[in-house]
Every structure is written in C-alpha cells, then in structure tokens.
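Structure file my_file_6.cif (mmCIF, C-alpha atoms (C1' of nucleotides)) is printed below.
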```cif
data_work
#
loop_
_atom_site.group_PDB
_atom_site.id
_atom_site.type_symbol
_atom_site.label_atom_id
_atom_site.label_comp_id
_atom_site.auth_asym_id
_atom_site.auth_seq_id
_atom_site.Cartn_x
_atom_site.Cartn_y
_atom_site.Cartn_z
ATOM 1 C CA MET A 228 -28.881 -11.566 14.333
ATOM 2 C CA PHE A 229 -25.816 -9.779 15.627
ATOM 3 C CA ALA A 230 -24.934 -6.223 16.480
ATOM 4 C CA ILE A 231 -22.044 -4.674 14.625
ATOM 5 C CA GLY A 232 -19.538 -5.433 17.356
ATOM 6 C CA GLU A 233 -20.349 -9.122 17.277
ATOM 7 C CA ALA A 234 -20.311 -9.142 13.467
ATOM 8 C CA SER A 235 -16.897 -7.528 13.637
ATOM 9 C CA ARG A 236 -15.613 -10.123 16.089
ATOM 10 C CA GLN A 237 -16.975 -13.019 14.062
ATOM 11 C CA SER A 238 -15.756 -11.752 10.702
ATOM 12 C CA GLY A 239 -12.475 -10.184 11.701
ATOM 13 C CA VAL A 240 -13.478 -6.957 9.960
ATOM 14 C CA GLY A 241 -13.209 -3.820 12.088
ATOM 15 C CA ILE A 242 -16.368 -1.949 13.075
ATOM 16 C CA ASP A 243 -15.353 1.208 11.254
ATOM 17 C CA THR A 244 -14.415 -0.872 8.239
ATOM 18 C CA ILE A 245 -17.816 -2.558 8.172
ATOM 19 C CA ARG A 246 -19.502 0.826 8.144
ATOM 20 C CA TYR A 247 -17.055 1.935 5.465
ATOM 21 C CA TYR A 248 -17.928 -1.081 3.310
ATOM 22 C CA GLU A 249 -21.574 -0.213 3.730
ATOM 23 C CA ARG A 250 -21.035 3.423 2.723
ATOM 24 C CA GLU A 251 -19.040 2.329 -0.303
ATOM 25 C CA GLY A 252 -21.688 -0.158 -1.377
ATOM 26 C CA ILE A 253 -19.362 -3.145 -0.993
ATOM 27 C CA VAL A 254 -21.955 -4.852 1.183
ATOM 28 C CA PRO A 255 -25.726 -4.189 1.201
ATOM 29 C CA LYS A 256 -27.172 -2.078 3.973
ATOM 30 C CA PRO A 257 -28.088 -4.345 6.867
ATOM 31 C CA GLU A 258 -31.406 -4.393 8.670
ATOM 32 C CA ARG A 259 -31.854 -1.995 11.543
ATOM 33 C CA ALA A 260 -33.308 -2.778 14.953
ATOM 34 C CA SER A 261 -35.970 -0.482 16.399
ATOM 35 C CA ASN A 262 -33.229 1.453 18.161
ATOM 36 C CA ASN A 263 -31.575 2.144 14.783
ATOM 37 C CA ARG A 264 -28.712 -0.240 15.401
ATOM 38 C CA ARG A 265 -27.445 -2.373 12.556
ATOM 39 C CA MET A 266 -28.347 -6.052 12.761
ATOM 40 C CA TYR A 267 -26.376 -8.639 10.819
ATOM 41 C CA SER A 268 -27.487 -12.106 9.777
ATOM 42 C CA ALA A 269 -25.121 -15.059 9.605
ATOM 43 C CA HIS A 270 -25.107 -14.563 5.841
ATOM 44 C CA ASP A 271 -24.041 -10.929 6.268
ATOM 45 C CA VAL A 272 -21.225 -12.035 8.538
ATOM 46 C CA GLY A 273 -20.198 -14.611 5.943
ATOM 47 C CA ARG A 274 -19.953 -11.848 3.382
ATOM 48 C CA LEU A 275 -17.694 -9.837 5.644
ATOM 49 C CA ARG A 276 -15.515 -12.863 6.309
ATOM 50 C CA PHE A 277 -15.265 -13.462 2.565
ATOM 51 C CA LEU A 278 -14.144 -9.887 2.037
ATOM 52 C CA ARG A 279 -11.566 -10.108 4.791
ATOM 53 C CA LYS A 280 -10.096 -13.234 3.224
ATOM 54 C CA CYS A 281 -9.869 -11.547 -0.154
ATOM 55 C CA ARG A 282 -8.163 -8.530 1.411
ATOM 56 C CA ASP A 283 -5.794 -10.806 3.328
ATOM 57 C CA MET A 284 -4.918 -12.333 -0.034
ATOM 58 C CA GLY A 285 -3.965 -8.870 -1.183
ATOM 59 C CA PHE A 286 -6.863 -8.357 -3.589
ATOM 60 C CA SER A 287 -7.927 -4.741 -3.927
ATOM 61 C CA LEU A 288 -11.244 -3.868 -2.387
ATOM 62 C CA ALA A 289 -12.669 -3.448 -5.895
ATOM 63 C CA ASP A 290 -11.524 -6.940 -6.830
ATOM 64 C CA ALA A 291 -12.836 -8.295 -3.548
ATOM 65 C CA LYS A 292 -16.207 -6.831 -4.393
ATOM 66 C CA VAL A 293 -16.152 -8.451 -7.825
ATOM 67 C CA LEU A 294 -15.239 -11.808 -6.298
ATOM 68 C CA LEU A 295 -17.985 -11.452 -3.728
ATOM 69 C CA ASN A 296 -20.532 -10.714 -6.433
ATOM 70 C CA LEU A 297 -19.297 -13.660 -8.462
ATOM 71 C CA SER A 298 -19.574 -15.785 -5.373
ATOM 72 C CA GLU A 299 -23.158 -14.712 -4.792
ATOM 73 C CA GLY A 300 -24.254 -14.824 -8.411
ATOM 74 C CA ASP A 301 -26.335 -17.582 -9.926
ATOM 75 C CA SER A 302 -23.520 -19.125 -11.911
ATOM 76 C CA GLU A 303 -20.023 -18.594 -10.645
ATOM 77 C CA ASP A 304 -17.987 -17.428 -13.609
ATOM 78 C CA CYS A 305 -14.885 -19.447 -12.943
ATOM 79 C CA GLN A 306 -13.134 -17.951 -15.945
ATOM 80 C CA SER A 307 -13.408 -14.433 -14.557
ATOM 81 C CA VAL A 308 -12.237 -15.581 -11.161
ATOM 82 C CA LYS A 309 -9.259 -17.298 -12.684
ATOM 83 C CA GLU A 310 -8.295 -14.245 -14.712
ATOM 84 C CA LEU A 311 -8.576 -11.968 -11.736
ATOM 85 C CA ALA A 312 -6.539 -14.282 -9.545
ATOM 86 C CA GLU A 313 -3.811 -14.847 -12.105
ATOM 87 C CA LEU A 314 -3.424 -11.154 -12.780
ATOM 88 C CA HIS A 315 -3.094 -10.679 -9.061
ATOM 89 C CA ILE A 316 -0.534 -13.450 -8.721
ATOM 90 C CA SER A 317 1.588 -11.941 -11.459
ATOM 91 C CA ASN A 318 1.427 -8.586 -9.706
ATOM 92 C CA VAL A 319 2.560 -10.218 -6.492
ATOM 93 C CA ARG A 320 5.430 -11.906 -8.315
ATOM 94 C CA MET A 321 6.505 -8.617 -9.853
ATOM 95 C CA LYS A 322 6.457 -6.973 -6.471
ATOM 96 C CA ILE A 323 8.644 -9.736 -5.064
ATOM 97 C CA ILE A 324 11.154 -9.261 -7.859
ATOM 98 C CA GLU A 325 11.194 -5.508 -7.322
ATOM 99 C CA LEU A 326 11.700 -5.886 -3.599
ATOM 100 C CA LYS A 327 14.544 -8.349 -4.089
ATOM 101 C CA ARG A 328 16.261 -5.913 -6.392
ATOM 102 C CA LEU A 329 15.701 -3.243 -3.772
ATOM 103 C CA GLU A 330 17.121 -5.446 -1.045
ATOM 104 C CA ALA A 331 20.250 -6.071 -3.084
ATOM 105 C CA ALA A 332 20.673 -2.359 -3.731
ATOM 106 C CA LEU A 333 20.268 -1.557 -0.060
ATOM 107 C CA ASN A 334 22.731 -4.257 0.922
ATOM 108 C CA GLU A 335 25.283 -2.824 -1.424
ATOM 109 C CA LEU A 336 24.599 0.637 -0.116
ATOM 110 C CA THR A 337 25.170 -0.263 3.517
ATOM 111 C CA ALA A 338 28.055 -2.608 2.877
ATOM 112 C CA ASN A 339 30.617 0.137 3.413
ATOM 113 C CA CYS A 340 28.798 1.567 6.374
ATOM 114 C CA ASN A 341 31.117 1.743 9.329
ATOM 115 C CA ILE A 342 30.225 3.375 12.568
ATOM 116 C CA GLY A 343 32.118 6.472 13.540
ATOM 117 C CA ASN A 344 32.845 7.838 10.096
ATOM 118 C CA VAL A 345 32.513 11.557 9.826
ATOM 119 C CA SER A 346 31.656 11.267 6.170
ATOM 120 C CA CYS A 347 29.075 8.582 5.534
ATOM 121 C CA PRO A 348 29.813 6.435 2.494
ATOM 122 C CA MET A 349 26.157 5.553 2.073
ATOM 123 C CA LEU A 350 25.069 9.170 1.814
ATOM 124 C CA ALA A 351 27.959 9.852 -0.521
ATOM 125 C CA GLN A 352 26.740 6.977 -2.641
ATOM 126 C CA ILE A 353 23.224 8.325 -2.836
ATOM 127 C CA ARG A 354 24.506 11.773 -3.718
ATOM 128 C CA THR A 355 26.647 10.574 -6.570
ATOM 129 C CA TYR A 356 24.577 7.835 -8.144
ATOM 130 C CA MET B 2 19.286 28.734 -12.137
ATOM 131 C CA PHE B 3 16.485 26.619 -13.531
ATOM 132 C CA ALA B 4 12.724 26.927 -13.752
ATOM 133 C CA ILE B 5 10.697 24.202 -12.106
ATOM 134 C CA GLY B 6 10.223 22.243 -15.327
ATOM 135 C CA GLU B 7 13.953 22.038 -15.913
ATOM 136 C CA ALA B 8 14.563 21.151 -12.262
ATOM 137 C CA SER B 9 11.992 18.408 -12.645
ATOM 138 C CA ARG B 10 13.644 17.055 -15.781
ATOM 139 C CA GLN B 11 17.100 17.124 -14.216
ATOM 140 C CA SER B 12 16.073 15.562 -10.925
ATOM 141 C CA GLY B 13 13.449 13.134 -12.096
ATOM 142 C CA VAL B 14 11.002 14.525 -9.566
ATOM 143 C CA GLY B 15 7.644 15.567 -10.976
ATOM 144 C CA ILE B 16 6.684 19.235 -10.989
ATOM 145 C CA ASP B 17 3.685 18.717 -8.740
ATOM 146 C CA THR B 18 5.826 16.610 -6.454
ATOM 147 C CA ILE B 19 8.451 19.341 -6.175
ATOM 148 C CA ARG B 20 5.776 21.806 -5.136
ATOM 149 C CA TYR B 21 4.413 19.202 -2.742
ATOM 150 C CA TYR B 22 7.851 18.750 -1.155
ATOM 151 C CA GLU B 23 8.070 22.507 -0.757
ATOM 152 C CA ARG B 24 4.647 22.707 0.886
ATOM 153 C CA GLU B 25 5.552 19.873 3.245
ATOM 154 C CA GLY B 26 8.845 21.482 4.183
ATOM 155 C CA ILE B 27 10.909 18.602 2.788
ATOM 156 C CA VAL B 28 12.951 21.067 0.757
ATOM 157 C CA PRO B 29 13.461 24.785 1.528
ATOM 158 C CA LYS B 30 11.469 27.326 -0.440
ATOM 159 C CA PRO B 31 13.426 28.218 -3.553
ATOM 160 C CA GLU B 32 14.190 31.716 -4.744
ATOM 161 C CA ARG B 33 11.642 33.444 -6.902
ATOM 162 C CA ALA B 34 12.275 35.347 -10.120
ATOM 163 C CA SER B 35 10.706 38.766 -10.568
ATOM 164 C CA ASN B 36 7.764 37.087 -12.304
ATOM 165 C CA ASN B 37 7.163 34.971 -9.195
ATOM 166 C CA ARG B 38 8.445 31.803 -10.780
ATOM 167 C CA ARG B 39 10.503 29.398 -8.704
ATOM 168 C CA MET B 40 14.188 29.330 -9.536
ATOM 169 C CA TYR B 41 16.322 26.353 -8.580
ATOM 170 C CA SER B 42 20.083 26.260 -8.130
ATOM 171 C CA ALA B 43 22.176 23.230 -8.996
ATOM 172 C CA HIS B 44 22.300 22.527 -5.279
ATOM 173 C CA ASP B 45 18.491 22.569 -5.093
ATOM 174 C CA VAL B 46 18.328 20.139 -7.976
ATOM 175 C CA GLY B 47 20.848 17.923 -6.209
ATOM 176 C CA ARG B 48 18.575 17.845 -3.189
ATOM 177 C CA LEU B 49 15.647 16.749 -5.320
ATOM 178 C CA ARG B 50 17.742 14.075 -6.963
ATOM 179 C CA PHE B 51 18.820 12.850 -3.539
ATOM 180 C CA LEU B 52 15.204 12.606 -2.448
ATOM 181 C CA ARG B 53 14.211 10.750 -5.570
ATOM 182 C CA LYS B 54 16.945 8.188 -4.993
ATOM 183 C CA CYS B 55 15.825 7.683 -1.418
ATOM 184 C CA ARG B 56 12.240 7.218 -2.561
ATOM 185 C CA ASP B 57 13.370 4.818 -5.285
ATOM 186 C CA MET B 58 15.052 2.855 -2.523
ATOM 187 C CA GLY B 59 11.707 2.630 -0.830
ATOM 188 C CA PHE B 60 12.486 4.943 2.071
ATOM 189 C CA SER B 61 9.468 6.808 3.356
ATOM 190 C CA LEU B 62 9.399 10.496 2.616
ATOM 191 C CA ALA B 63 9.963 11.173 6.312
ATOM 192 C CA ASP B 64 13.064 8.970 6.274
ATOM 193 C CA ALA B 65 14.208 10.564 3.041
ATOM 194 C CA LYS B 66 13.978 13.940 4.742
ATOM 195 C CA VAL B 67 16.029 12.692 7.685
ATOM 196 C CA LEU B 68 18.660 11.295 5.332
ATOM 197 C CA LEU B 69 18.745 14.537 3.399
ATOM 198 C CA ASN B 70 19.243 16.519 6.590
ATOM 199 C CA LEU B 71 21.975 14.140 7.713
ATOM 200 C CA SER B 72 23.569 14.549 4.322
ATOM 201 C CA GLU B 73 23.522 18.305 4.586
ATOM 202 C CA GLY B 74 24.526 18.515 8.236
ATOM 203 C CA ASP B 75 27.988 19.411 9.453
ATOM 204 C CA SER B 76 28.925 15.916 10.549
ATOM 205 C CA GLU B 77 27.165 13.070 8.877
ATOM 206 C CA ASP B 78 25.941 10.818 11.625
ATOM 207 C CA CYS B 79 26.806 7.517 10.027
ATOM 208 C CA GLN B 80 25.375 5.587 12.935
ATOM 209 C CA SER B 81 21.906 7.082 12.414
ATOM 210 C CA VAL B 82 22.096 6.448 8.698
ATOM 211 C CA LYS B 83 23.076 2.852 9.289
ATOM 212 C CA GLU B 84 20.222 2.291 11.741
ATOM 213 C CA LEU B 85 17.694 3.815 9.422
ATOM 214 C CA ALA B 86 18.907 1.797 6.469
ATOM 215 C CA GLU B 87 19.020 -1.495 8.350
ATOM 216 C CA LEU B 88 15.560 -1.023 9.739
ATOM 217 C CA HIS B 89 14.414 -0.376 6.206
ATOM 218 C CA ILE B 90 16.183 -3.434 4.863
ATOM 219 C CA SER B 91 14.563 -5.623 7.466
ATOM 220 C CA ASN B 92 11.183 -4.183 6.537
ATOM 221 C CA VAL B 93 11.853 -4.978 2.900
ATOM 222 C CA ARG B 94 12.839 -8.532 3.834
ATOM 223 C CA MET B 95 9.691 -8.977 5.840
ATOM 224 C CA LYS B 96 7.604 -7.737 2.949
ATOM 225 C CA ILE B 97 9.294 -10.240 0.638
ATOM 226 C CA ILE B 98 8.525 -13.080 3.028
ATOM 227 C CA GLU B 99 4.915 -11.980 3.327
ATOM 228 C CA LEU B 100 4.522 -11.742 -0.420
ATOM 229 C CA LYS B 101 6.032 -15.164 -0.944
ATOM 230 C CA ARG B 102 3.583 -16.630 1.518
ATOM 231 C CA LEU B 103 0.843 -14.822 -0.319
ATOM 232 C CA GLU B 104 2.029 -16.149 -3.654
ATOM 233 C CA ALA B 105 1.987 -19.696 -2.324
ATOM 234 C CA ALA B 106 -1.523 -19.246 -0.952
ATOM 235 C CA LEU B 107 -2.752 -17.850 -4.251
ATOM 236 C CA ASN B 108 -1.124 -20.670 -6.178
ATOM 237 C CA GLU B 109 -2.859 -23.206 -4.009
ATOM 238 C CA LEU B 110 -6.118 -21.355 -4.392
ATOM 239 C CA THR B 111 -6.045 -21.333 -8.173
ATOM 240 C CA ALA B 112 -4.614 -24.821 -8.540
ATOM 241 C CA ASN B 113 -8.071 -26.376 -8.880
ATOM 242 C CA CYS B 114 -9.330 -23.640 -11.119
ATOM 243 C CA ASN B 115 -10.717 -25.136 -14.298
ATOM 244 C CA ILE B 116 -12.500 -23.152 -16.899
ATOM 245 C CA GLY B 117 -16.145 -23.913 -17.408
ATOM 246 C CA ASN B 118 -17.052 -24.992 -13.916
ATOM 247 C CA VAL B 119 -20.416 -23.799 -12.756
ATOM 248 C CA SER B 120 -19.252 -23.874 -9.179
ATOM 249 C CA CYS B 121 -15.847 -22.264 -8.747
ATOM 250 C CA PRO B 122 -13.544 -24.175 -6.426
ATOM 251 C CA MET B 123 -11.553 -21.043 -5.633
ATOM 252 C CA LEU B 124 -14.587 -19.144 -4.426
ATOM 253 C CA ALA B 125 -15.706 -22.199 -2.478
ATOM 254 C CA GLN B 126 -12.299 -22.255 -0.877
ATOM 255 C CA ILE B 127 -12.471 -18.616 0.181
ATOM 256 C CA ARG B 128 -15.932 -19.106 1.576
ATOM 257 C CA THR B 129 -15.010 -22.077 3.728
ATOM 258 C CA TYR B 130 -11.547 -21.191 4.978
ATOM 259 C "C1'" DT C 177 -0.549 38.263 -33.598
ATOM 260 C "C1'" DT C 178 -1.357 33.933 -32.678
ATOM 261 C "C1'" DA C 179 -0.515 29.659 -30.763
ATOM 262 C "C1'" DA C 180 1.640 26.652 -27.835
ATOM 263 C "C1'" DC C 181 3.990 26.137 -23.818
ATOM 264 C "C1'" DT C 182 5.061 26.897 -19.001
ATOM 265 C "C1'" DT C 183 4.120 28.395 -14.567
ATOM 266 C "C1'" DC C 184 1.191 30.069 -10.784
ATOM 267 C "C1'" DT C 185 -2.304 29.092 -6.715
ATOM 268 C "C1'" DG C 186 -5.678 26.376 -4.745
ATOM 269 C "C1'" DT C 187 -8.329 22.440 -4.316
ATOM 270 C "C1'" DA C 188 -9.785 17.700 -4.732
ATOM 271 C "C1'" DG C 189 -9.031 12.860 -5.649
ATOM 272 C "C1'" DC C 190 -6.699 8.310 -5.042
ATOM 273 C "C1'" DC C 191 -6.760 3.748 -1.653
ATOM 274 C "C1'" DA C 192 -8.467 1.491 2.328
ATOM 275 C "C1'" DC C 193 -9.056 2.326 6.114
ATOM 276 C "C1'" DT C 194 -8.648 4.591 11.033
ATOM 277 C "C1'" DA C 195 -9.673 7.819 14.513
ATOM 278 C "C1'" DC C 196 -11.882 10.888 16.486
ATOM 279 C "C1'" DA C 197 -16.119 14.089 18.489
ATOM 280 C "C1'" DG C 198 -20.331 14.352 20.537
ATOM 281 C "C1'" DG C 199 -24.355 12.200 21.415
ATOM 282 C "C1'" DA C 200 -27.759 8.202 22.263
ATOM 283 C "C1'" DT C 201 -28.756 3.797 24.069
ATOM 284 C "C1'" DC C 202 -28.178 -0.421 26.634
ATOM 285 C "C1'" DA C 203 -26.868 -3.922 30.279
ATOM 286 C "C1'" DA C 204 -25.306 -5.043 34.765
ATOM 287 C "C1'" DG C 205 -24.340 -4.125 39.447
ATOM 288 C "C1'" DA C 206 -25.063 -1.403 44.075
ATOM 289 C "C1'" DT D 23 -33.267 3.707 40.962
ATOM 290 C "C1'" DC D 24 -28.954 5.306 39.989
ATOM 291 C "C1'" DT D 25 -24.608 4.837 38.120
ATOM 292 C "C1'" DT D 26 -21.052 3.080 35.470
ATOM 293 C "C1'" DG D 27 -19.186 1.380 31.477
ATOM 294 C "C1'" DA D 28 -19.844 -0.708 27.147
ATOM 295 C "C1'" DT D 29 -21.717 -0.267 22.797
ATOM 296 C "C1'" DC D 30 -23.715 2.049 19.176
ATOM 297 C "C1'" DC D 31 -24.966 6.159 16.120
ATOM 298 C "C1'" DT D 32 -23.608 10.005 12.495
ATOM 299 C "C1'" DG D 33 -20.402 12.871 10.498
ATOM 300 C "C1'" DT D 34 -15.962 14.453 9.596
ATOM 301 C "C1'" DA D 35 -11.011 14.485 9.161
ATOM 302 C "C1'" DG D 36 -6.562 12.336 8.869
ATOM 303 C "C1'" DT D 37 -3.054 8.936 6.917
ATOM 304 C "C1'" DG D 38 1.028 8.723 2.676
ATOM 305 C "C1'" DG D 39 2.682 10.401 -1.273
ATOM 306 C "C1'" DC D 40 1.578 11.985 -4.646
ATOM 307 C "C1'" DT D 41 -1.452 13.277 -8.977
ATOM 308 C "C1'" DA D 42 -4.757 15.838 -11.481
ATOM 309 C "C1'" DC D 43 -7.267 19.185 -12.372
ATOM 310 C "C1'" DA D 44 -9.243 24.516 -12.981
ATOM 311 C "C1'" DG D 45 -8.530 28.969 -14.196
ATOM 312 C "C1'" DA D 46 -5.391 32.611 -14.637
ATOM 313 C "C1'" DA D 47 -1.082 34.721 -15.998
ATOM 314 C "C1'" DG D 48 3.172 34.958 -18.234
ATOM 315 C "C1'" DT D 49 6.720 33.434 -21.851
ATOM 316 C "C1'" DT D 50 8.559 31.928 -26.327
ATOM 317 C "C1'" DA D 51 8.701 31.024 -31.269
ATOM 318 C "C1'" DA D 52 6.874 31.357 -35.875
#
```
Turn the structure described in the file into structure tokens.
Amino acid sequence: MFAIGEASRQSGVGIDTIRYYEREGIVPKPERASNNRRMYSAHDVGRLRFLRKCRDMGFSLADAKVLLNLSEGDSEDCQSVKELAELHISNVRMKIIELKRLEAALNELTANCNIGNVSCPMLAQIRTY
Amino acid sequence: MFAIGEASRQSGVGIDTIRYYEREGIVPKPERASNNRRMYSAHDVGRLRFLRKCRDMGFSLADAKVLLNLSEGDSEDCQSVKELAELHISNVRMKIIELKRLEAALNELTANCNIGNVSCPMLAQIRTY
DNA sequence: TTAACTTCTGTAGCCACTACAGGATCAAGA
DNA sequence: TCTTGATCCTGTAGTGGCTACAGAAGTTAA
C-alpha cells in the first residue's frame, strides 16, 4: 500500500488531481490509514495509470471514466469502446483540419508583415476582413 | 448608435460576451442611453468585430486585447504584431503535430478492435502500456 | 391592453485541473 | 529530545473564455 505521493509518482497523476478524481467520483475512495492518510493498493494505482493514459490520448475525463468502468466490468463491451474511440478520432481529425486552415490563414496574414512599418498590414487586414 | 443586440448581430460577438469583454476591460465602457441601456457607435462595433476575428484566428483574449490596442495606438508597432503572430503560428503548428501523433496512436489502438470480443484489445492495450 | 421582445444586474456553471492557506503528522539527523 | 523538512490533510479559490440562467424593468407592435 502506498501513500498518495507514491501513488502519484507511480501513476503519473498529480496529487491534487488524484484527490480531484476522488471528489468527482472518477475513482473510488481509497482506504485510510489510522492517521487518516489515503492508502492506495497496486490496483488503485493501476486505475490512476489507466486514467492518465486515457487523458494523454485526449479523451475527456467523462470518457476516461466510461472506459475505466468498461475495463473493470465483467464483460468488456468492445462495441462501446470502439464507438467512443472512433468518435474521438474523428474529433481529433476535425481539429487537425481546423488548425491547418488556421495556420494557412495566419501565414497569409503575416506574409506582408515587414518590420518598421508605421501602419501594420496585418492589423489593417484584420480590420477590413 | 446601436443597442447591444444590434451590436452583437453586426459584430458576431454574443451579447453576454460583449458584456463580459466590458467587465474584463477588453473594450471601454460604452455610452448609456437615458434608460441605462448600452449604446454602441460604429467604432465600438468595429472593435468587437476586430476582437472576434482575432479570436477566430485562435489568439487568446489577452493577445487579442494587445492587438486591438496596437491597432488603436498612434503608431502601430508592426514588430510586436509580427512577434505575437509568429509565436501564435508556431503554437498552432505544434498543436497540429501533437494531434497528428495522437491520431496515429488512436488508430493503432483501435486497429485490433473487433466487435463482439469479450475481452477488448484496446482496453488491454491501455492497461498494459 | 396584451404579448413578445429586449435589456439590465448579478451570479453560477462549464472543463480539468492547479494552487494556495493553515494545520497535522511523520521520518531522519544532531 | 529537539529540530528540520517532507508529506499529508481539508477547504477554498483561481484559470480561460465564455454561457446560461433568474428576476426585474423597459420597449415595441398588434
């Protein structure tokens, strides 16, 4: 059993974030030692690591919770997992497209930018769009 | 002079957002009519439109404010504008790279996803990373 | 006159943390 | 034993950039 600091180190989830997950009901309340300190089992730490991986993948915390529950359930509903993941992938793809469009627009905007101008062509551009 | 609803329609900035910008000091407090309603000049509306364009470009509100001030200043400091814009562009590029990496990881993760499995390979993957 | 619309102020919620304050407890060294 | 520093506790507030109310007041059109 580990104290919260060790659980944080092993899972890569910040101490405050662990307590936040507990408050929000993302993870079950851990056991407490006699001095009221939280004590985490290896399984608890695994849960935290799972959540961190989901978050690193860009899943929302709500989705991460769903995936965690699916992962801990009796039968892993692969269909639900797939749907969740594919929706997420398509969101990521849309964001990439948006950002590329944005990058192009910004490139165009700064193309005429020359140092030393009194009147900035970029600002003029934004004003007159 | 326009009421806030008309200013919102003309600028594309939501009514609540206009009031929020006022509270935050992003735009100066507008005149008030005798009935205490905000009245916006064409210039005020132009400011809002400018801000909306900056936000559409993905600039933070703080940056948008800086750009607006540069735009309204006596001499437009093109150098500052350029720096701000290029920093922003590089941030956008970094985000694109990150998202592409994410997309690849998600693709790999769901590659083995077949409907009907009792044990989900994607969840197994997240657990054992 | 009635109804629908608009505006006002103030406050709270969203997401996912993050950062305190102020106190208690613990472990290790002098 | 004392001290120092690390760790932990609870509770609260802040971040960004809105967005969504509630409840009241005023305006406009039929």
- prompt: Selected by the PyMOL selection byres ((chain B) within 9 of (chain A)) in the shown coordinates: which residues, as a PyMOL selection string?
  reply: chain B and resi 47-48+50-51+54-55+57-59+68-69+71-72+76-80+82-83+86-87+89-91+93-94+96-98+100-101+103-104+106-108+110-111+114-125+127-130
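For chain C, the residues no farther than 9 Å from chain B when using only C-alpha atoms (C1' of nucleotides) are DT182, DT183 and DC184 of chain C.
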message: If the cut-off is 8 Å, can you tell me the residues of chain D near chain B, counting all atoms listed in the file? I'd like them as a list in words.
response: DG39, DC40, DT41 and DG48 of chain D
Print the selection's residues with C-alpha atoms (C1' of nucleotides) to a file, as a CSV table (one decimal), in the coordinates of the input.
```
chain,number,residue,atom,x,y,z
D,39,DG,C1',2.7,10.4,-1.3
D,40,DC,C1',1.6,12.0,-4.6
D,41,DT,C1',-1.5,13.3,-9.0
D,48,DG,C1',3.2,35.0,-18.2
```
- line: A straight line from atom CA of A:Val293 to atom CA of A:Val254 spans 11.3 Å
Please evaluate the PyMOL selection byres ((chain D and resi 36) around 10) against the structure above and give the resulting residues as a PDB file with C-alpha atoms (C1' of nucleotides), in the coordinates of the input.
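So the final result, stored in out_35.pdb, reads:
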```
ATOM      1  C1'  DT C 194      -8.648   4.591  11.033  1.00  0.00           C
ATOM      2  C1'  DA C 195      -9.673   7.819  14.513  1.00  0.00           C
ATOM      3  C1'  DC C 196     -11.882  10.888  16.486  1.00  0.00           C
TER       4       DC C 196
ATOM      5  C1'  DT D  34     -15.962  14.453   9.596  1.00  0.00           C
ATOM      6  C1'  DA D  35     -11.011  14.485   9.161  1.00  0.00           C
ATOM      7  C1'  DT D  37      -3.054   8.936   6.917  1.00  0.00           C
TER       8       DT D  37
END
```
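The coordinates place atom C1' of C:DC202 at 20.5 Å from atom CA of A:Arg246.
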- line: Separating atom CA of B:Pro29 from atom C1' of C:DA188, to the nearest tenth of an Å, is a gap of 25.1 Å
- request: Kindly provide, as a PyMOL selection string, the polymer residues lying within 12 Å of (-23.7, -12.4, 16.8), counting all atoms listed in the file and using the coordinates exactly as they appear in the file.
  value: chain A and resi 228-238+265-273
Reconstructed stretch 84-96 of chain B, atom set N, CA and C atoms, as a PDB file, keeping the file's coordinate frame:
```pdb
ATOM      1  N   GLU B  84      21.403   2.807  11.045  1.00  0.00           N
ATOM      2  CA  GLU B  84      20.222   2.291  11.741  1.00  0.00           C
ATOM      3  C   GLU B  84      18.978   2.404  10.863  1.00  0.00           C
ATOM      4  N   LEU B  85      18.848   3.575  10.277  1.00  0.00           N
ATOM      5  CA  LEU B  85      17.694   3.815   9.422  1.00  0.00           C
ATOM      6  C   LEU B  85      17.675   2.831   8.256  1.00  0.00           C
ATOM      7  N   ALA B  86      18.821   2.659   7.649  1.00  0.00           N
ATOM      8  CA  ALA B  86      18.907   1.797   6.469  1.00  0.00           C
ATOM      9  C   ALA B  86      18.645   0.340   6.849  1.00  0.00           C
ATOM     10  N   GLU B  87      19.180  -0.078   7.982  1.00  0.00           N
ATOM     11  CA  GLU B  87      19.020  -1.495   8.350  1.00  0.00           C
ATOM     12  C   GLU B  87      17.598  -1.805   8.763  1.00  0.00           C
ATOM     13  N   LEU B  88      16.973  -0.844   9.410  1.00  0.00           N
ATOM     14  CA  LEU B  88      15.560  -1.023   9.739  1.00  0.00           C
ATOM     15  C   LEU B  88      14.757  -1.165   8.449  1.00  0.00           C
ATOM     16  N   HIS B  89      15.114  -0.338   7.488  1.00  0.00           N
ATOM     17  CA  HIS B  89      14.414  -0.376   6.206  1.00  0.00           C
ATOM     18  C   HIS B  89      14.643  -1.703   5.490  1.00  0.00           C
ATOM     19  N   ILE B  90      15.882  -2.150   5.500  1.00  0.00           N
ATOM     20  CA  ILE B  90      16.183  -3.434   4.863  1.00  0.00           C
ATOM     21  C   ILE B  90      15.374  -4.553   5.504  1.00  0.00           C
ATOM     22  N   SER B  91      15.292  -4.530   6.818  1.00  0.00           N
ATOM     23  CA  SER B  91      14.563  -5.623   7.466  1.00  0.00           C
ATOM     24  C   SER B  91      13.074  -5.540   7.135  1.00  0.00           C
ATOM     25  N   ASN B  92      12.574  -4.323   6.975  1.00  0.00           N
ATOM     26  CA  ASN B  92      11.183  -4.183   6.537  1.00  0.00           C
ATOM     27  C   ASN B  92      10.987  -4.754   5.138  1.00  0.00           C
ATOM     28  N   VAL B  93      11.937  -4.465   4.272  1.00  0.00           N
ATOM     29  CA  VAL B  93      11.853  -4.978   2.900  1.00  0.00           C
ATOM     30  C   VAL B  93      11.877  -6.500   2.924  1.00  0.00           C
ATOM     31  N   ARG B  94      12.744  -7.065   3.747  1.00  0.00           N
ATOM     32  CA  ARG B  94      12.839  -8.532   3.834  1.00  0.00           C
ATOM     33  C   ARG B  94      11.541  -9.123   4.334  1.00  0.00           C
ATOM     34  N   MET B  95      10.955  -8.470   5.305  1.00  0.00           N
ATOM     35  CA  MET B  95       9.691  -8.977   5.840  1.00  0.00           C
ATOM     36  C   MET B  95       8.598  -8.935   4.780  1.00  0.00           C
ATOM     37  N   LYS B  96       8.605  -7.859   4.010  1.00  0.00           N
ATOM     38  CA  LYS B  96       7.604  -7.737   2.949  1.00  0.00           C
ATOM     39  C   LYS B  96       7.781  -8.846   1.929  1.00  0.00           C
TER      40      LYS B  96
END
```
